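Colleague: Let me give you the structure first, and then I'll get to my questions.
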Amino acid sequence: MRTNESADTANIQDPAVSDVLLTGSALGRALRFECLKLRGLRSTWIVLAVLMAFSLLNGVLLPTEASAPKGGGEASLDVARLVQTLEFDPAAMQVPLSAWLLVFVFGTGSVTSEFAYRMARTTWLTVSSRREAYAAKLIVGAAGALVATALSLALSAATGALALSIVGMAQPDWSAALVPLLRYLAVMACLPALAVGLAALIRSRVASALALTLWPLFIERITGFAVERIPGVGDVSSSLPFAAARAAMSGTAGVDDFTMALIGSELSPGVALSVFCAYAGAVAWCGWLVYRRREAP
């Protein structure tokens, strides 16, 4: 990683690159600076390659998710299972596989790497504004995660449709899956904002990664269970961030009771998406309050 960061610094100090970075508005300079850093890191391309490989495999294995109706008949793929598969089964893993891969590249890394490798002063001097630097991290992170997720989703769907045709199975109702998948894209676009805010608050790459790993897996359910033991407190588990995200990404009829228990929220998909976006915005705002006052090492 140090080699990558040194290469980034060398690229930024190149006169031609510097001329490009120093032109335009402060936000424009900040956006170009963040894109340059992401493009120069090998980890960005490795993660994207891994995600596309998993997407291809996900599509190839799509026919194995089909099941025969209870009364007998030809096996088919219902919409609920189609959505869960294309989203890398967020209920079972508590967060989509795409989130585990992308959030550390387009979220925490943009903040923690600056402080870990003493790049923060370079960023602020290049951009001339901490506000625009932080806004660029949110915008580039959201856009990068959105584009990568959309490409991954398109690859899985195209490969899956081809695989179903090859094995002679009927195509599922792709149009019925469109709205839940759009909500999935919205959740994936909001995740980097939450990660950027959390990384700005913690400033440690390891601690941020650990928090983002344990939060959806354990912390939320333990917190919800503990708070609901307080007399007079209602069902708060449904309104916790990642439970709301899972409810937003589901949103299809035919989900069984076990899957609903894994989702952990009874909110309607639209409300759940609004709740998760509100949480992501609040964490990003708290991160900004710390980031704007923090001294660079």
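Ligands are numbered from 1 in the order shown, chains are lettered A, B, ... in the order of the structure tokens, and residues start at 1 in each chain.
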Region 227-253 of chain A near region 189-199 of chain A within 12 Å: what's each residue's closest atom pair and its distance in Å to one decimal, counting only C-alpha atoms, ordered by chain then ascending residue number, as a Markdown table?

Modeller:
```
| residue | atom | partner | partner_atom | distance |
| --- | --- | --- | --- | --- |
| A:Pro241 | CA | A:Leu194 | CA | 10.0 |
| A:Phe242 | CA | A:Leu191 | CA | 9.9 |
| A:Ala245 | CA | A:Leu191 | CA | 9.6 |
```

Colleague: Put those residues in a file: all heavy atoms, as a CSV table (one decimal), in the first residue's frame.

Modeller:
```
chain,number,residue,atom,x,y,z
A,241,PRO,N,-30.3,0.7,11.4
A,241,PRO,CA,-29.8,0.9,10.1
A,241,PRO,C,-29.8,-0.2,9.1
A,241,PRO,O,-30.4,-0.2,8.1
A,241,PRO,CB,-28.4,1.5,10.3
A,241,PRO,CG,-28.5,2.1,11.7
A,241,PRO,CD,-29.4,1.2,12.5
A,242,PHE,N,-29.1,-1.3,9.5
A,242,PHE,CA,-28.9,-2.4,8.5
A,242,PHE,C,-30.1,-3.3,8.4
A,242,PHE,O,-30.4,-3.9,7.4
A,242,PHE,CB,-27.7,-3.2,8.9
A,242,PHE,CG,-26.4,-2.5,8.5
A,242,PHE,CD1,-25.7,-1.8,9.4
A,242,PHE,CD2,-25.9,-2.6,7.2
A,242,PHE,CE1,-24.5,-1.1,9.1
A,242,PHE,CE2,-24.8,-1.9,6.8
A,242,PHE,CZ,-24.0,-1.2,7.8
A,245,ALA,N,-32.0,-1.4,5.9
A,245,ALA,CA,-31.4,-1.7,4.6
A,245,ALA,C,-31.8,-3.0,4.0
A,245,ALA,O,-32.2,-3.1,2.8
A,245,ALA,CB,-29.9,-1.6,4.7
```

Colleague: Please return, as JSON, numbers by chain, all residues of region 25-76 of chain A that DSSP assigns to alpha helix (DSSP H) on the basis of the backbone.

Modeller: {"A": [26, 27, 28, 29, 30, 31, 32, 33, 34, 35, 36, 37, 38, 39, 40, 42, 43, 44, 45, 46, 47, 48, 49, 50, 51, 52, 53, 54, 55, 56, 57, 58, 59, 60]}

Colleague: If you keep N, CA, C and O atoms, can you produce a file of those selected residues as a tab-separated table (two decimals), in the first residue's frame?

Modeller:
```
chain	number	residue	atom	x	y	z
A	26	ALA	N	-13.31	24.56	-6.53
A	26	ALA	CA	-12.74	23.76	-5.45
A	26	ALA	C	-13.34	22.36	-5.44
A	26	ALA	O	-12.63	21.37	-5.26
A	27	LEU	N	-14.66	22.27	-5.65
A	27	LEU	CA	-15.29	20.95	-5.66
A	27	LEU	C	-14.82	20.14	-6.86
A	27	LEU	O	-14.58	18.93	-6.75
A	28	GLY	N	-14.65	20.78	-8.01
A	28	GLY	CA	-14.15	20.09	-9.18
A	28	GLY	C	-12.75	19.54	-8.95
A	28	GLY	O	-12.43	18.42	-9.35
A	29	ARG	N	-11.88	20.36	-8.32
A	29	ARG	CA	-10.53	19.89	-8.01
A	29	ARG	C	-10.58	18.71	-7.05
A	29	ARG	O	-9.83	17.74	-7.19
A	30	ALA	N	-11.47	18.80	-6.06
A	30	ALA	CA	-11.58	17.73	-5.07
A	30	ALA	C	-12.05	16.43	-5.72
A	30	ALA	O	-11.53	15.35	-5.42
A	31	LEU	N	-13.02	16.52	-6.62
A	31	LEU	CA	-13.53	15.33	-7.29
A	31	LEU	C	-12.44	14.70	-8.16
A	31	LEU	O	-12.28	13.46	-8.17
A	32	ARG	N	-11.70	15.52	-8.90
A	32	ARG	CA	-10.62	14.98	-9.73
A	32	ARG	C	-9.53	14.35	-8.88
A	32	ARG	O	-8.95	13.32	-9.23
A	33	PHE	N	-9.26	14.96	-7.74
A	33	PHE	CA	-8.23	14.45	-6.83
A	33	PHE	C	-8.62	13.08	-6.29
A	33	PHE	O	-7.81	12.15	-6.25
A	34	GLU	N	-9.89	12.93	-5.85
A	34	GLU	CA	-10.35	11.64	-5.33
A	34	GLU	C	-10.35	10.57	-6.41
A	34	GLU	O	-9.97	9.42	-6.16
A	35	CYS	N	-10.76	10.94	-7.62
A	35	CYS	CA	-10.75	9.97	-8.72
A	35	CYS	C	-9.34	9.53	-9.05
A	35	CYS	O	-9.09	8.35	-9.34
A	36	LEU	N	-8.41	10.47	-9.01
A	36	LEU	CA	-7.01	10.15	-9.30
A	36	LEU	C	-6.47	9.17	-8.27
A	36	LEU	O	-5.77	8.20	-8.62
A	37	LYS	N	-6.77	9.39	-7.01
A	37	LYS	CA	-6.28	8.49	-5.96
A	37	LYS	C	-6.86	7.09	-6.13
A	37	LYS	O	-6.15	6.09	-6.00
A	38	LEU	N	-8.17	7.01	-6.37
A	38	LEU	CA	-8.80	5.70	-6.54
A	38	LEU	C	-8.24	4.96	-7.75
A	38	LEU	O	-7.98	3.75	-7.69
A	39	ARG	N	-8.06	5.67	-8.84
A	39	ARG	CA	-7.57	5.06	-10.07
A	39	ARG	C	-6.15	4.55	-9.91
A	39	ARG	O	-5.74	3.56	-10.53
A	40	GLY	N	-5.35	5.20	-9.07
A	40	GLY	CA	-3.95	4.83	-8.91
A	40	GLY	C	-3.70	3.70	-7.94
A	40	GLY	O	-2.57	3.21	-7.85
A	42	ARG	N	-3.92	-0.13	-6.69
A	42	ARG	CA	-4.16	-1.48	-7.19
A	42	ARG	C	-5.35	-2.13	-6.50
A	42	ARG	O	-6.06	-2.93	-7.12
A	43	SER	N	-5.56	-1.79	-5.23
A	43	SER	CA	-6.65	-2.41	-4.49
A	43	SER	C	-8.01	-2.11	-5.12
A	43	SER	O	-8.92	-2.95	-5.08
A	44	THR	N	-8.15	-0.93	-5.72
A	44	THR	CA	-9.41	-0.60	-6.39
A	44	THR	C	-9.71	-1.57	-7.51
A	44	THR	O	-10.82	-2.12	-7.61
A	45	TRP	N	-8.73	-1.82	-8.35
A	45	TRP	CA	-8.93	-2.69	-9.51
A	45	TRP	C	-9.04	-4.16	-9.09
A	45	TRP	O	-9.77	-4.94	-9.72
A	46	ILE	N	-8.33	-4.54	-8.05
A	46	ILE	CA	-8.43	-5.91	-7.56
A	46	ILE	C	-9.84	-6.19	-7.04
A	46	ILE	O	-10.45	-7.22	-7.36
A	47	VAL	N	-10.37	-5.27	-6.24
A	47	VAL	CA	-11.72	-5.44	-5.69
A	47	VAL	C	-12.76	-5.48	-6.80
A	47	VAL	O	-13.68	-6.31	-6.78
A	48	LEU	N	-12.63	-4.58	-7.78
A	48	LEU	CA	-13.58	-4.58	-8.89
A	48	LEU	C	-13.51	-5.87	-9.69
A	48	LEU	O	-14.54	-6.41	-10.12
A	49	ALA	N	-12.30	-6.38	-9.90
A	49	ALA	CA	-12.15	-7.64	-10.64
A	49	ALA	C	-12.77	-8.80	-9.87
A	49	ALA	O	-13.45	-9.65	-10.46
A	50	VAL	N	-12.56	-8.82	-8.57
A	50	VAL	CA	-13.14	-9.88	-7.74
A	50	VAL	C	-14.67	-9.80	-7.77
A	50	VAL	O	-15.36	-10.82	-7.88
A	51	LEU	N	-15.20	-8.57	-7.68
A	51	LEU	CA	-16.65	-8.41	-7.70
A	51	LEU	C	-17.24	-8.89	-9.02
A	51	LEU	O	-18.27	-9.58	-9.05
A	52	MET	N	-16.61	-8.56	-10.13
A	52	MET	CA	-17.12	-8.99	-11.43
A	52	MET	C	-17.02	-10.51	-11.59
A	52	MET	O	-17.90	-11.14	-12.19
A	53	ALA	N	-15.97	-11.11	-11.03
A	53	ALA	CA	-15.85	-12.57	-11.09
A	53	ALA	C	-16.97	-13.23	-10.30
A	53	ALA	O	-17.58	-14.21	-10.76
A	54	PHE	N	-17.26	-12.71	-9.11
A	54	PHE	CA	-18.36	-13.23	-8.32
A	54	PHE	C	-19.70	-13.02	-9.02
A	54	PHE	O	-20.60	-13.86	-8.94
A	55	SER	N	-19.85	-11.89	-9.70
A	55	SER	CA	-21.09	-11.61	-10.42
A	55	SER	C	-21.30	-12.60	-11.55
A	55	SER	O	-22.41	-13.08	-11.78
A	56	LEU	N	-20.22	-12.90	-12.26
A	56	LEU	CA	-20.30	-13.88	-13.34
A	56	LEU	C	-20.68	-15.25	-12.78
A	56	LEU	O	-21.56	-15.93	-13.33
A	57	LEU	N	-20.05	-15.64	-11.70
A	57	LEU	CA	-20.38	-16.92	-11.06
A	57	LEU	C	-21.81	-16.93	-10.55
A	57	LEU	O	-22.52	-17.95	-10.67
A	58	ASN	N	-22.25	-15.80	-10.00
A	58	ASN	CA	-23.61	-15.69	-9.50
A	58	ASN	C	-24.63	-15.94	-10.61
A	58	ASN	O	-25.64	-16.63	-10.41
A	59	GLY	N	-24.37	-15.39	-11.79
A	59	GLY	CA	-25.27	-15.61	-12.92
A	59	GLY	C	-25.26	-17.04	-13.41
A	59	GLY	O	-26.31	-17.61	-13.72
A	60	VAL	N	-24.07	-17.63	-13.48
A	60	VAL	CA	-23.95	-19.01	-13.94
A	60	VAL	C	-24.73	-19.96	-13.04
A	60	VAL	O	-25.35	-20.93	-13.50
```

Colleague: So how many Å separate CA of Ser98 (chain A) and CA of Met188 (chain A), to one decimal?

Modeller: 8.3 Å

Colleague: A:Pro96, A:Leu201, A:Met260, A:Ala211: which is nearest Cys286 (chain A), counting only C-alpha atoms?

Modeller: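 Smallest separation from Cys286 (chain A) among the options: A:Leu201.
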
Colleague: Need the shell around Gly270 (chain A): protein/DNA/RNA residues with any atom at most 9 Å away, counting only C-alpha atoms. Skip same-chain ones fewer than 5 positions apart. Format as a PyMOL selection string?

Modeller: chain A and resi 183+247-248+251+275

Colleague: So what do you get for CA of Glu65 (chain A) versus CA of Trp215 (chain A), distance-wise?

Modeller: 28.6 Å

Colleague: What's around region 167-179 of chain A at 10 Å? Count only C-alpha atoms, leave out sequence neighbours fewer than 4 positions away in its own chain, and write the answer as a ChimeraX atom specification.

Modeller: /A:63,66,74-84,86,157,160-163,183-185,249-252

Colleague: Report, in Å with one decimal, the straight-line distance from CA of Thr213 (chain A) to CA of Ser110 (chain A).

Modeller: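 Taking CA of Thr213 (chain A) and CA of Ser110 (chain A), their separation equals 17.7 Å.
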